[in-house]
Amino acid sequence: MFFTYRYLSHPIQGLHRAVHRFIRALADGALDPVRFDPATCCTGELLARVNASPRLRERVEAFYLAWFQLDAAQRDVVEHAFIVSNSVKRQLDGTLVRAPIDTLPEPIIQPAAELFAFMYKNSLRRTLRIDHWGKLYKTISTKTCPFCGIEPIHDASLTLQDYDHLLCKSSYPFTAVNLVNLVPCGADCNRIFKHEADIIWNAEEGRRRRAFFPFRPHGTVLAVDLTGSRLPQTDRDVAGWNVSITPASEEVDTWVKVFDLKRRYQLDVLGKHYDRWRQDFVDALAIMELATDWDEASVRYKMRLYVSTLSNDPLLDMRFLQWALFEFLLTHADSAFFLAIAAELNDKKAR
């Protein structure tokens, strides 16, 4: 991802901590296996919400009773799954075993899925998006989705910002209300491209993979490279754009594939904006350099200066992609390309 978020503590994280205490209370084995009494196993934020919501109470009770259908070894599996799944950074680093829902004992799979999905949707989502996001938004200088760099993120007064479960809640339900597993992102990134993808498991290759952790700088300087591209011949000719993202690493590869960045940059950015970005460059020169007699060398020189300005605030107006485009043009475009721009500029000057 292009940048990381500051982890912003919030009282809503108290729900996750209370759920952790609930799991520990179950694991201690001193509870009535038949009669569910919230006061004996729930504390803090979870107890308050169970007492206020019959629907939540119903789901907590279903999980509670399912727990006592398990033998001791199965209960250890569930407790271990909760602990390792919520060690989010180590999961993304690939240093802890995965514990997806299909590895849980059968009697507790459905109660776990329903309880944690309900808690996120009905106990967390709205508060998280309005109050937590309203505070976090002010700390972010670049108002752009860190996962794609092309979608805006919005002020809390405009819309409820999407939060992505890095470890998707359908596969790792125990992480559903853990703020360490939740990060704001663009709606397209969340709903269309990542959706329910398992960010730590490459299903196509049947292997584990590593991913960026969103709350700690990863120190990787990311860049787009268009080497091997072919300039479009018509407005609809987008197949020639060859997009690669550097440097090569497993975290970069996971990020690029999960959010389908190569195709999005090819189709939604370069396919739509190439002509405009080229024309913006030409128009800027025509306005600022009225007396210049243009040739290939002078156009190349001005383009090199233009590229140097695009490295400032690279996520503003997709400058990182404009930079990649003009670097490609400087390196790979032929003389005819630059002479065509020179001719266009000289024609504008003569009018």
# chains A, B, ... in the order shown; residues from 1 in each chain; ligands from 1
$ residues_around --residues "range 288-302 of chain A" --least-positions-apart "5" --cutoff "8 Å" --atoms "only C-alpha atoms" --output "PDB file with N, CA and C atoms, in the first residue's frame"
ATOM      1  N   LEU A 330       9.824   9.637 -22.239  1.00  0.00           N
ATOM      2  CA  LEU A 330      11.192  10.137 -22.392  1.00  0.00           C
ATOM      3  C   LEU A 330      12.161   9.025 -22.783  1.00  0.00           C
ATOM      4  N   SER A 335      11.456   9.655 -32.120  1.00  0.00           N
ATOM      5  CA  SER A 335      11.563  11.060 -32.534  1.00  0.00           C
ATOM      6  C   SER A 335      10.251  11.586 -33.099  1.00  0.00           C
ATOM      7  N   PHE A 338       7.964  13.174 -30.452  1.00  0.00           N
ATOM      8  CA  PHE A 338       8.359  14.506 -29.979  1.00  0.00           C
ATOM      9  C   PHE A 338       8.243  15.548 -31.089  1.00  0.00           C
ATOM     10  N   LEU A 339       8.526  15.152 -32.324  1.00  0.00           N
ATOM     11  CA  LEU A 339       8.382  16.090 -33.433  1.00  0.00           C
ATOM     12  C   LEU A 339       6.921  16.457 -33.657  1.00  0.00           C
ATOM     13  N   ILE A 341       4.685  16.752 -31.262  1.00  0.00           N
ATOM     14  CA  ILE A 341       4.380  17.752 -30.239  1.00  0.00           C
ATOM     15  C   ILE A 341       4.987  19.096 -30.627  1.00  0.00           C
ATOM     16  N   ALA A 342       6.227  19.079 -31.123  1.00  0.00           N
ATOM     17  CA  ALA A 342       6.880  20.326 -31.544  1.00  0.00           C
ATOM     18  C   ALA A 342       6.070  21.017 -32.634  1.00  0.00           C
ATOM     19  N   ALA A 343       5.590  20.233 -33.601  1.00  0.00           N
ATOM     20  CA  ALA A 343       4.791  20.807 -34.674  1.00  0.00           C
ATOM     21  C   ALA A 343       3.501  21.412 -34.150  1.00  0.00           C
ATOM     22  N   LEU A 345       3.012  22.641 -31.148  1.00  0.00           N
ATOM     23  CA  LEU A 345       3.349  23.860 -30.426  1.00  0.00           C
ATOM     24  C   LEU A 345       3.675  25.014 -31.381  1.00  0.00           C
ATOM     25  N   ASN A 346       4.431  24.714 -32.409  1.00  0.00           N
ATOM     26  CA  ASN A 346       4.755  25.767 -33.385  1.00  0.00           C
ATOM     27  C   ASN A 346       3.488  26.264 -34.111  1.00  0.00           C
ATOM     28  N   LYS A 349       1.678  28.575 -31.779  1.00  0.00           N
ATOM     29  CA  LYS A 349       2.374  29.865 -31.690  1.00  0.00           C
ATOM     30  C   LYS A 349       2.100  30.721 -32.907  1.00  0.00           C
TER      31      LYS A 349
END
$ residues_around --residues "Ile153 in chain A" --least-positions-apart "6" --cutoff "8 Å" --atoms "only C-alpha atoms" --output "count of residues only"
6
$ residues_around --residues "Ile83 in chain A" --least-positions-apart "5" --cutoff "12 Å" --atoms "only C-alpha atoms" --output "JSON list (two decimals) with all heavy atoms, in the first residue's frame"
[["chain", "number", "residue", "atom", "x", "y", "z"],
["A", 16, "HIS", "N", -13.97, -5.50, 21.33],
["A", 16, "HIS", "CA", -13.06, -6.61, 21.01],
["A", 16, "HIS", "C", -12.40, -7.14, 22.28],
["A", 16, "HIS", "O", -12.30, -8.37, 22.47],
["A", 16, "HIS", "CB", -12.00, -6.16, 20.02],
["A", 16, "HIS", "CG", -10.93, -7.18, 19.79],
["A", 16, "HIS", "ND1", -11.16, -8.38, 19.15],
["A", 16, "HIS", "CD2", -9.61, -7.20, 20.16],
["A", 16, "HIS", "CE1", -10.04, -9.09, 19.11],
["A", 16, "HIS", "NE2", -9.10, -8.40, 19.72],
["A", 17, "ARG", "N", -11.97, -6.25, 23.15],
["A", 17, "ARG", "CA", -11.33, -6.71, 24.40],
["A", 17, "ARG", "C", -12.31, -7.50, 25.26],
["A", 17, "ARG", "O", -11.95, -8.51, 25.88],
["A", 17, "ARG", "CB", -10.78, -5.51, 25.16],
["A", 17, "ARG", "CG", -9.56, -4.86, 24.48],
["A", 17, "ARG", "CD", -8.87, -3.87, 25.41],
["A", 17, "ARG", "NE", -9.68, -2.68, 25.61],
["A", 17, "ARG", "CZ", -9.59, -1.58, 24.87],
["A", 17, "ARG", "NH1", -8.74, -1.53, 23.85],
["A", 17, "ARG", "NH2", -10.35, -0.53, 25.13],
["A", 19, "VAL", "N", -14.87, -9.25, 24.16],
["A", 19, "VAL", "CA", -15.06, -10.55, 23.51],
["A", 19, "VAL", "C", -13.90, -11.48, 23.86],
["A", 19, "VAL", "O", -14.10, -12.68, 24.11],
["A", 19, "VAL", "CB", -15.18, -10.37, 21.99],
["A", 19, "VAL", "CG1", -15.14, -11.72, 21.29],
["A", 19, "VAL", "CG2", -16.47, -9.65, 21.64],
["A", 20, "HIS", "N", -12.69, -10.93, 23.89],
["A", 20, "HIS", "CA", -11.53, -11.74, 24.28],
["A", 20, "HIS", "C", -11.71, -12.28, 25.70],
["A", 20, "HIS", "O", -11.45, -13.47, 25.96],
["A", 20, "HIS", "CB", -10.26, -10.90, 24.18],
["A", 20, "HIS", "CG", -9.00, -11.70, 24.29],
["A", 20, "HIS", "ND1", -7.74, -11.15, 24.23],
["A", 20, "HIS", "CD2", -8.80, -13.05, 24.46],
["A", 20, "HIS", "CE1", -6.84, -12.10, 24.36],
["A", 20, "HIS", "NE2", -7.45, -13.26, 24.50],
["A", 21, "ARG", "N", -12.20, -11.45, 26.61],
["A", 21, "ARG", "CA", -12.44, -11.91, 27.98],
["A", 21, "ARG", "C", -13.54, -12.98, 28.02],
["A", 21, "ARG", "O", -13.48, -13.92, 28.83],
["A", 21, "ARG", "CB", -12.80, -10.72, 28.88],
["A", 21, "ARG", "CG", -11.64, -9.77, 29.13],
["A", 21, "ARG", "CD", -11.92, -8.80, 30.26],
["A", 21, "ARG", "NE", -12.99, -7.87, 29.94],
["A", 21, "ARG", "CZ", -12.81, -6.69, 29.33],
["A", 21, "ARG", "NH1", -11.58, -6.31, 28.99],
["A", 21, "ARG", "NH2", -13.84, -5.91, 29.08],
["A", 23, "ILE", "N", -14.14, -15.21, 25.63],
["A", 23, "ILE", "CA", -13.51, -16.47, 25.19],
["A", 23, "ILE", "C", -12.67, -17.07, 26.31],
["A", 23, "ILE", "O", -12.69, -18.29, 26.54],
["A", 23, "ILE", "CB", -12.64, -16.22, 23.94],
["A", 23, "ILE", "CG1", -13.48, -15.71, 22.76],
["A", 23, "ILE", "CG2", -11.87, -17.48, 23.55],
["A", 23, "ILE", "CD1", -14.46, -16.70, 22.20],
["A", 24, "ARG", "N", -11.96, -16.22, 27.03],
["A", 24, "ARG", "CA", -11.14, -16.72, 28.14],
["A", 24, "ARG", "C", -12.01, -17.31, 29.25],
["A", 24, "ARG", "O", -11.66, -18.33, 29.85],
["A", 24, "ARG", "CB", -10.26, -15.61, 28.69],
["A", 24, "ARG", "CG", -9.13, -15.20, 27.73],
["A", 24, "ARG", "CD", -8.33, -14.04, 28.27],
["A", 24, "ARG", "NE", -7.72, -14.35, 29.55],
["A", 24, "ARG", "CZ", -7.06, -13.46, 30.31],
["A", 24, "ARG", "NH1", -6.94, -12.21, 29.89],
["A", 24, "ARG", "NH2", -6.54, -13.82, 31.45],
["A", 76, "ASP", "N", -9.77, -26.05, 22.77],
["A", 76, "ASP", "CA", -8.42, -25.49, 22.61],
["A", 76, "ASP", "C", -8.22, -24.98, 21.18],
["A", 76, "ASP", "O", -7.58, -23.94, 20.97],
["A", 76, "ASP", "CB", -7.36, -26.56, 22.92],
["A", 76, "ASP", "CG", -7.24, -26.85, 24.41],
["A", 76, "ASP", "OD1", -7.75, -26.04, 25.22],
["A", 76, "ASP", "OD2", -6.66, -27.90, 24.75],
["A", 77, "VAL", "N", -8.77, -25.69, 20.22],
["A", 77, "VAL", "CA", -8.67, -25.27, 18.82],
["A", 77, "VAL", "C", -9.34, -23.92, 18.62],
["A", 77, "VAL", "O", -8.79, -23.02, 17.97],
["A", 77, "VAL", "CB", -9.30, -26.33, 17.88],
["A", 77, "VAL", "CG1", -9.44, -25.77, 16.46],
["A", 77, "VAL", "CG2", -8.45, -27.59, 17.86],
["A", 78, "VAL", "N", -10.53, -23.75, 19.20],
["A", 78, "VAL", "CA", -11.26, -22.49, 19.04],
["A", 78, "VAL", "C", -10.53, -21.34, 19.74],
["A", 78, "VAL", "O", -10.36, -20.26, 19.16],
["A", 78, "VAL", "CB", -12.69, -22.62, 19.59],
["A", 78, "VAL", "CG1", -13.42, -21.28, 19.51],
["A", 78, "VAL", "CG2", -13.46, -23.69, 18.82],
["A", 88, "VAL", "N", -2.78, -9.79, 14.18],
["A", 88, "VAL", "CA", -2.95, -9.44, 12.77],
["A", 88, "VAL", "C", -1.62, -9.21, 12.09],
["A", 88, "VAL", "O", -1.38, -9.69, 10.97],
["A", 88, "VAL", "CB", -3.88, -8.21, 12.63],
["A", 88, "VAL", "CG1", -3.99, -7.79, 11.16],
["A", 88, "VAL", "CG2", -5.26, -8.52, 13.19],
["A", 90, "ARG", "N", 1.35, -10.38, 12.71],
["A", 90, "ARG", "CA", 2.08, -11.63, 12.49],
["A", 90, "ARG", "C", 1.40, -12.49, 11.43],
["A", 90, "ARG", "O", 2.06, -13.22, 10.70],
["A", 90, "ARG", "CB", 2.23, -12.39, 13.81],
["A", 90, "ARG", "CG", 3.15, -11.68, 14.81],
["A", 90, "ARG", "CD", 3.42, -12.55, 16.02],
["A", 90, "ARG", "NE", 4.13, -13.78, 15.65],
["A", 90, "ARG", "CZ", 4.33, -14.78, 16.50],
["A", 90, "ARG", "NH1", 3.87, -14.71, 17.74],
["A", 90, "ARG", "NH2", 4.98, -15.87, 16.09],
["A", 91, "GLN", "N", 0.08, -12.39, 11.33],
["A", 91, "GLN", "CA", -0.61, -13.09, 10.25],
["A", 91, "GLN", "C", -0.19, -12.52, 8.89],
["A", 91, "GLN", "O", 0.09, -13.25, 7.94],
["A", 91, "GLN", "CB", -2.12, -12.99, 10.42],
["A", 91, "GLN", "CG", -2.70, -13.85, 11.53],
["A", 91, "GLN", "CD", -2.60, -15.34, 11.24],
["A", 91, "GLN", "OE1", -2.43, -15.77, 10.10],
["A", 91, "GLN", "NE2", -2.70, -16.14, 12.30],
["A", 96, "LEU", "N", 2.66, -16.68, 11.76],
["A", 96, "LEU", "CA", 1.75, -17.48, 12.59],
["A", 96, "LEU", "C", 0.89, -18.35, 11.68],
["A", 96, "LEU", "O", 0.55, -17.96, 10.56],
["A", 96, "LEU", "CB", 0.82, -16.58, 13.42],
["A", 96, "LEU", "CG", 1.30, -16.08, 14.78],
["A", 96, "LEU", "CD1", 0.21, -15.26, 15.44],
["A", 96, "LEU", "CD2", 1.72, -17.22, 15.69],
["A", 97, "VAL", "N", 0.51, -19.51, 12.19],
["A", 97, "VAL", "CA", -0.35, -20.40, 11.42],
["A", 97, "VAL", "C", -1.71, -19.75, 11.20],
["A", 97, "VAL", "O", -2.22, -19.02, 12.05],
["A", 97, "VAL", "CB", -0.52, -21.75, 12.17],
["A", 97, "VAL", "CG1", -1.25, -21.56, 13.49],
["A", 97, "VAL", "CG2", -1.24, -22.77, 11.30],
["A", 98, "ARG", "N", -2.30, -19.95, 10.02],
["A", 98, "ARG", "CA", -3.64, -19.47, 9.73],
["A", 98, "ARG", "C", -4.67, -20.28, 10.52],
["A", 98, "ARG", "O", -4.45, -21.45, 10.82],
["A", 98, "ARG", "CB", -3.97, -19.61, 8.25],
["A", 98, "ARG", "CG", -3.19, -18.76, 7.31],
["A", 98, "ARG", "CD", -3.36, -19.23, 5.87],
["A", 98, "ARG", "NE", -4.75, -19.16, 5.42],
["A", 98, "ARG", "CZ", -5.47, -20.21, 5.01],
["A", 98, "ARG", "NH1", -4.95, -21.42, 5.04],
["A", 98, "ARG", "NH2", -6.70, -20.05, 4.60],
["A", 99, "ALA", "N", -5.81, -19.63, 10.79],
["A", 99, "ALA", "CA", -6.90, -20.34, 11.46],
["A", 99, "ALA", "C", -8.23, -19.92, 10.84],
["A", 99, "ALA", "O", -9.07, -19.30, 11.50],
["A", 99, "ALA", "CB", -6.88, -20.07, 12.95],
["A", 172, "TYR", "N", -12.15, -15.28, 8.60],
["A", 172, "TYR", "CA", -11.55, -15.11, 9.92],
["A", 172, "TYR", "C", -12.51, -14.30, 10.80],
["A", 172, "TYR", "O", -12.25, -13.15, 11.13],
["A", 172, "TYR", "CB", -10.19, -14.42, 9.81],
["A", 172, "TYR", "CG", -9.26, -15.09, 8.83],
["A", 172, "TYR", "CD1", -9.19, -14.67, 7.50],
["A", 172, "TYR", "CD2", -8.48, -16.18, 9.21],
["A", 172, "TYR", "CE1", -8.36, -15.30, 6.58],
["A", 172, "TYR", "CE2", -7.65, -16.82, 8.30],
["A", 172, "TYR", "CZ", -7.60, -16.37, 6.99],
["A", 172, "TYR", "OH", -6.77, -17.01, 6.08],
["A", 173, "PRO", "N", -13.66, -14.88, 11.18],
["A", 173, "PRO", "CA", -14.70, -14.11, 11.87],
["A", 173, "PRO", "C", -14.23, -13.53, 13.20],
["A", 173, "PRO", "O", -14.75, -12.48, 13.63],
["A", 173, "PRO", "CB", -15.82, -15.13, 12.08],
["A", 173, "PRO", "CG", -15.15, -16.47, 12.00],
["A", 173, "PRO", "CD", -14.05, -16.30, 11.00],
["A", 174, "PHE", "N", -13.27, -14.17, 13.86],
["A", 174, "PHE", "CA", -12.84, -13.68, 15.16],
["A", 174, "PHE", "C", -12.16, -12.32, 15.09],
["A", 174, "PHE", "O", -11.94, -11.67, 16.10],
["A", 174, "PHE", "CB", -11.88, -14.69, 15.82],
["A", 174, "PHE", "CG", -12.54, -15.98, 16.23],
["A", 174, "PHE", "CD1", -11.87, -17.19, 16.11],
["A", 174, "PHE", "CD2", -13.83, -16.01, 16.73],
["A", 174, "PHE", "CE1", -12.47, -18.39, 16.48],
["A", 174, "PHE", "CE2", -14.45, -17.20, 17.10],
["A", 174, "PHE", "CZ", -13.76, -18.40, 16.98],
["A", 175, "THR", "N", -11.80, -11.88, 13.89],
["A", 175, "THR", "CA", -11.15, -10.57, 13.72],
["A", 175, "THR", "C", -12.13, -9.46, 13.36],
["A", 175, "THR", "O", -11.73, -8.32, 13.13],
["A", 175, "THR", "CB", -10.09, -10.63, 12.61],
["A", 175, "THR", "OG1", -10.75, -10.86, 11.34],
["A", 175, "THR", "CG2", -9.09, -11.75, 12.86],
["A", 178, "ASN", "N", -12.03, -6.20, 15.58],
["A", 178, "ASN", "CA", -10.71, -5.77, 16.05],
["A", 178, "ASN", "C", -10.22, -4.62, 15.19],
["A", 178, "ASN", "O", -10.00, -4.78, 13.98],
["A", 178, "ASN", "CB", -9.74, -6.96, 15.96],
["A", 178, "ASN", "CG", -8.37, -6.63, 16.53],
["A", 178, "ASN", "OD1", -8.08, -5.50, 16.90],
["A", 178, "ASN", "ND2", -7.52, -7.64, 16.59]]
$ closest_residue --among "A:Leu8, A:Ala62, A:Ala187, A:Leu167" --to "Lys89 in chain A" --atoms "only C-alpha atoms"
A:Leu167
$ closest_residue --among "A:Gln69, A:Thr43, A:Gln13, A:Ser85" --to "Tyr120 in chain A" --atoms "only C-alpha atoms"
A:Gln13
$ residues_around --residues "Ile108 in chain A" --least-positions-apart "4" --cutoff "12 Å" --atoms "only C-alpha atoms" --output "list of chain:residue names"
A:Arg59, A:Val60, A:Glu61, A:Ala62, A:Phe63, A:Tyr64, A:Leu65, A:Ala66, A:Trp67, A:Phe68, A:Gln69, A:Leu70, A:Asp71, A:Gln74, A:Arg75, A:Val77, A:Val78, A:Glu79, A:Ile101, A:Asp102, A:Thr103, A:Leu104, A:Ala112, A:Ala113, A:Glu114, A:Leu115, A:Pro173
$ write_last_selection --atoms "N, CA, C and O atoms" --output "mmCIF file, in the first residue's frame"
data_model
loop_
_atom_site.group_PDB
_atom_site.id
_atom_site.type_symbol
_atom_site.label_atom_id
_atom_site.label_comp_id
_atom_site.auth_asym_id
_atom_site.auth_seq_id
_atom_site.Cartn_x
_atom_site.Cartn_y
_atom_site.Cartn_z
ATOM 1 N N ARG A 59 -27.392 -14.488 19.799
ATOM 2 C CA ARG A 59 -26.219 -15.000 19.089
ATOM 3 C C ARG A 59 -25.077 -15.343 20.044
ATOM 4 O O ARG A 59 -24.343 -16.312 19.813
ATOM 5 N N VAL A 60 -24.911 -14.544 21.094
ATOM 6 C CA VAL A 60 -23.889 -14.877 22.093
ATOM 7 C C VAL A 60 -24.261 -16.188 22.782
ATOM 8 O O VAL A 60 -23.402 -17.056 23.016
ATOM 9 N N GLU A 61 -25.528 -16.347 23.089
ATOM 10 C CA GLU A 61 -25.980 -17.583 23.741
ATOM 11 C C GLU A 61 -25.769 -18.799 22.825
ATOM 12 O O GLU A 61 -25.337 -19.858 23.285
ATOM 13 N N ALA A 62 -26.040 -18.641 21.533
ATOM 14 C CA ALA A 62 -25.832 -19.756 20.597
ATOM 15 C C ALA A 62 -24.362 -20.164 20.563
ATOM 16 O O ALA A 62 -24.037 -21.365 20.532
ATOM 17 N N PHE A 63 -23.458 -19.183 20.568
ATOM 18 C CA PHE A 63 -22.025 -19.481 20.590
ATOM 19 C C PHE A 63 -21.662 -20.176 21.902
ATOM 20 O O PHE A 63 -20.903 -21.158 21.913
ATOM 21 N N TYR A 64 -22.194 -19.657 22.999
ATOM 22 C CA TYR A 64 -21.935 -20.202 24.339
ATOM 23 C C TYR A 64 -22.334 -21.675 24.402
ATOM 24 O O TYR A 64 -21.558 -22.550 24.828
ATOM 25 N N LEU A 65 -23.542 -22.000 23.971
ATOM 26 C CA LEU A 65 -24.026 -23.375 24.046
ATOM 27 C C LEU A 65 -23.267 -24.283 23.084
ATOM 28 O O LEU A 65 -23.021 -25.464 23.392
ATOM 29 N N ALA A 66 -22.875 -23.743 21.921
ATOM 30 C CA ALA A 66 -22.080 -24.538 20.982
ATOM 31 C C ALA A 66 -20.726 -24.875 21.581
ATOM 32 O O ALA A 66 -20.192 -25.982 21.353
ATOM 33 N N TRP A 67 -20.159 -23.944 22.317
ATOM 34 C CA TRP A 67 -18.874 -24.182 22.973
ATOM 35 C C TRP A 67 -18.941 -25.434 23.847
ATOM 36 O O TRP A 67 -18.032 -26.269 23.836
ATOM 37 N N PHE A 68 -20.021 -25.571 24.584
ATOM 38 C CA PHE A 68 -20.114 -26.691 25.516
ATOM 39 C C PHE A 68 -20.505 -28.002 24.852
ATOM 40 O O PHE A 68 -20.598 -29.034 25.506
ATOM 41 N N GLN A 69 -20.699 -27.955 23.533
ATOM 42 C CA GLN A 69 -20.832 -29.205 22.775
ATOM 43 C C GLN A 69 -19.467 -29.776 22.392
ATOM 44 O O GLN A 69 -19.376 -30.912 21.917
ATOM 45 N N LEU A 70 -18.421 -28.982 22.597
ATOM 46 C CA LEU A 70 -17.081 -29.377 22.172
ATOM 47 C C LEU A 70 -16.367 -30.116 23.284
ATOM 48 O O LEU A 70 -16.594 -29.869 24.483
ATOM 49 N N ASP A 71 -15.454 -31.017 22.898
ATOM 50 C CA ASP A 71 -14.595 -31.626 23.912
ATOM 51 C C ASP A 71 -13.419 -30.698 24.201
ATOM 52 O O ASP A 71 -13.275 -29.634 23.566
ATOM 53 N N GLN A 74 -11.182 -29.723 21.223
ATOM 54 C CA GLN A 74 -11.853 -28.825 20.283
ATOM 55 C C GLN A 74 -11.932 -27.404 20.828
ATOM 56 O O GLN A 74 -11.786 -26.428 20.085
ATOM 57 N N ARG A 75 -12.160 -27.279 22.128
ATOM 58 C CA ARG A 75 -12.187 -25.944 22.735
ATOM 59 C C ARG A 75 -10.819 -25.262 22.624
ATOM 60 O O ARG A 75 -10.740 -24.056 22.380
ATOM 61 N N VAL A 77 -8.774 -25.694 20.216
ATOM 62 C CA VAL A 77 -8.666 -25.274 18.818
ATOM 63 C C VAL A 77 -9.338 -23.921 18.623
ATOM 64 O O VAL A 77 -8.792 -23.021 17.970
ATOM 65 N N VAL A 78 -10.528 -23.746 19.196
ATOM 66 C CA VAL A 78 -11.259 -22.486 19.040
ATOM 67 C C VAL A 78 -10.528 -21.339 19.739
ATOM 68 O O VAL A 78 -10.362 -20.260 19.157
ATOM 69 N N GLU A 79 -10.075 -21.564 20.958
ATOM 70 C CA GLU A 79 -9.362 -20.505 21.675
ATOM 71 C C GLU A 79 -8.082 -20.136 20.927
ATOM 72 O O GLU A 79 -7.752 -18.946 20.777
ATOM 73 N N ILE A 101 -12.093 -20.140 9.263
ATOM 74 C CA ILE A 101 -13.275 -20.689 9.918
ATOM 75 C C ILE A 101 -13.486 -22.162 9.611
ATOM 76 O O ILE A 101 -13.995 -22.916 10.454
ATOM 77 N N ASP A 102 -13.057 -22.607 8.433
ATOM 78 C CA ASP A 102 -13.298 -24.015 8.097
ATOM 79 C C ASP A 102 -12.384 -24.977 8.839
ATOM 80 O O ASP A 102 -12.512 -26.199 8.702
ATOM 81 N N THR A 103 -11.448 -24.452 9.646
ATOM 82 C CA THR A 103 -10.618 -25.313 10.488
ATOM 83 C C THR A 103 -11.187 -25.452 11.896
ATOM 84 O O THR A 103 -10.628 -26.185 12.714
ATOM 85 N N LEU A 104 -12.281 -24.746 12.196
ATOM 86 C CA LEU A 104 -12.905 -24.839 13.511
ATOM 87 C C LEU A 104 -13.754 -26.107 13.607
ATOM 88 O O LEU A 104 -14.214 -26.638 12.585
ATOM 89 N N ALA A 112 -20.244 -19.019 15.378
ATOM 90 C CA ALA A 112 -19.156 -18.046 15.337
ATOM 91 C C ALA A 112 -19.354 -17.065 14.193
ATOM 92 O O ALA A 112 -19.222 -15.836 14.368
ATOM 93 N N ALA A 113 -19.669 -17.578 13.006
ATOM 94 C CA ALA A 113 -19.863 -16.710 11.842
ATOM 95 C C ALA A 113 -20.996 -15.726 12.082
ATOM 96 O O ALA A 113 -20.866 -14.523 11.792
ATOM 97 N N GLU A 114 -22.108 -16.193 12.620
ATOM 98 C CA GLU A 114 -23.270 -15.329 12.825
ATOM 99 C C GLU A 114 -23.032 -14.309 13.934
ATOM 100 O O GLU A 114 -23.436 -13.141 13.802
ATOM 101 N N LEU A 115 -22.382 -14.705 15.007
ATOM 102 C CA LEU A 115 -22.134 -13.777 16.112
ATOM 103 C C LEU A 115 -21.233 -12.638 15.689
ATOM 104 O O LEU A 115 -21.552 -11.455 15.898
ATOM 105 N N PRO A 173 -13.664 -14.885 11.182
ATOM 106 C CA PRO A 173 -14.696 -14.111 11.874
ATOM 107 C C PRO A 173 -14.233 -13.526 13.205
ATOM 108 O O PRO A 173 -14.752 -12.479 13.628
#
$ residues_around --residues "Val221 in chain A" --least-positions-apart "2" --cutoff "8 Å" --atoms "only C-alpha atoms" --output "list in words"
Gly219, Ala223 and Pro247 of chain A
$ residues_around --residues "Lys138 in chain A" --least-positions-apart "2" --cutoff "12 Å" --atoms "only C-alpha atoms" --output "list in words"
Tyr5, Arg6, Leu8, Asp131, His132, Trp133, Gly134, Lys135, Leu136, Ile140, Ser141, Thr142, Lys143, Ile153, His154, Asp155 and Ala156 of chain A
$ write_last_selection --atoms "N, CA and C atoms" --output "compact mmCIF listing (two decimals), in the first residue's frame"
# COMPACT_ATOMS: atom_id res chain seq x y z
N TYR A 5 -1.60 4.05 7.86
CA TYR A 5 -2.40 4.88 8.75
C TYR A 5 -1.80 4.91 10.15
N ARG A 6 -2.05 6.01 10.82
CA ARG A 6 -1.77 6.06 12.26
C ARG A 6 -2.84 5.22 12.96
N LEU A 8 -5.36 4.66 15.53
CA LEU A 8 -6.08 5.60 16.38
C LEU A 8 -6.92 4.80 17.36
N ASP A 131 -17.64 8.22 14.01
CA ASP A 131 -16.82 8.83 15.06
C ASP A 131 -15.33 8.55 14.84
N HIS A 132 -14.98 7.28 14.69
CA HIS A 132 -13.57 6.92 14.52
C HIS A 132 -13.01 7.53 13.23
N TRP A 133 -13.73 7.39 12.12
CA TRP A 133 -13.24 7.92 10.86
C TRP A 133 -13.15 9.44 10.89
N GLY A 134 -14.11 10.09 11.56
CA GLY A 134 -14.06 11.54 11.64
C GLY A 134 -12.77 12.04 12.28
N LYS A 135 -12.27 11.30 13.26
CA LYS A 135 -11.00 11.67 13.91
C LYS A 135 -9.80 11.27 13.06
N LEU A 136 -9.85 10.07 12.49
CA LEU A 136 -8.71 9.57 11.73
C LEU A 136 -8.49 10.39 10.46
N ILE A 140 -4.73 12.43 8.21
CA ILE A 140 -4.22 11.95 6.92
C ILE A 140 -4.02 13.13 5.98
N SER A 141 -2.80 13.36 5.56
CA SER A 141 -2.53 14.49 4.68
C SER A 141 -2.98 14.22 3.25
N THR A 142 -2.84 12.98 2.81
CA THR A 142 -3.24 12.62 1.45
C THR A 142 -4.61 11.98 1.49
N LYS A 143 -5.60 12.65 0.97
CA LYS A 143 -6.99 12.16 1.07
C LYS A 143 -7.28 11.18 -0.08
N ILE A 153 -10.73 9.40 -0.55
CA ILE A 153 -11.41 9.05 0.69
C ILE A 153 -12.13 10.31 1.16
N HIS A 154 -13.24 10.14 1.85
CA HIS A 154 -14.18 11.23 2.03
C HIS A 154 -14.30 11.69 3.48
N ASP A 155 -14.61 12.95 3.62
CA ASP A 155 -14.93 13.52 4.91
C ASP A 155 -16.14 12.80 5.50
N ALA A 156 -16.14 12.62 6.82
CA ALA A 156 -17.21 11.87 7.48
C ALA A 156 -18.58 12.52 7.29
$ atom_distance --atom1 "CA of Cys168 in chain A" --atom2 "CA of Trp201 in chain A"
11.1 Å
$ atom_distance --atom1 "CA of Gly206 in chain A" --atom2 "CA of Pro184 in chain A"
28.3 Å
$ select_by_dssp --residues "range 184-215 of chain A" --states "helix (DSSP H, G or I)" --output "compact mmCIF listing (two decimals) with C-alpha atoms, in the first residue's frame"
# COMPACT_ATOMS: atom_id res chain seq x y z
CA ALA A 187 -15.30 1.82 -1.91
CA ASP A 188 -14.13 0.25 -5.19
CA CYS A 189 -11.10 -1.31 -3.51
CA ASN A 190 -13.25 -2.74 -0.74
CA ARG A 191 -16.43 -3.81 -2.51
CA ILE A 192 -15.34 -4.67 -6.06
CA PHE A 193 -11.69 -5.67 -6.07
CA LYS A 194 -10.67 -7.06 -2.67
$ closest_residue --among "A:Glu344, A:Glu205, A:Glu251, A:Asp283" --to "Asp93 in chain A" --atoms "only C-alpha atoms"
A:Glu251
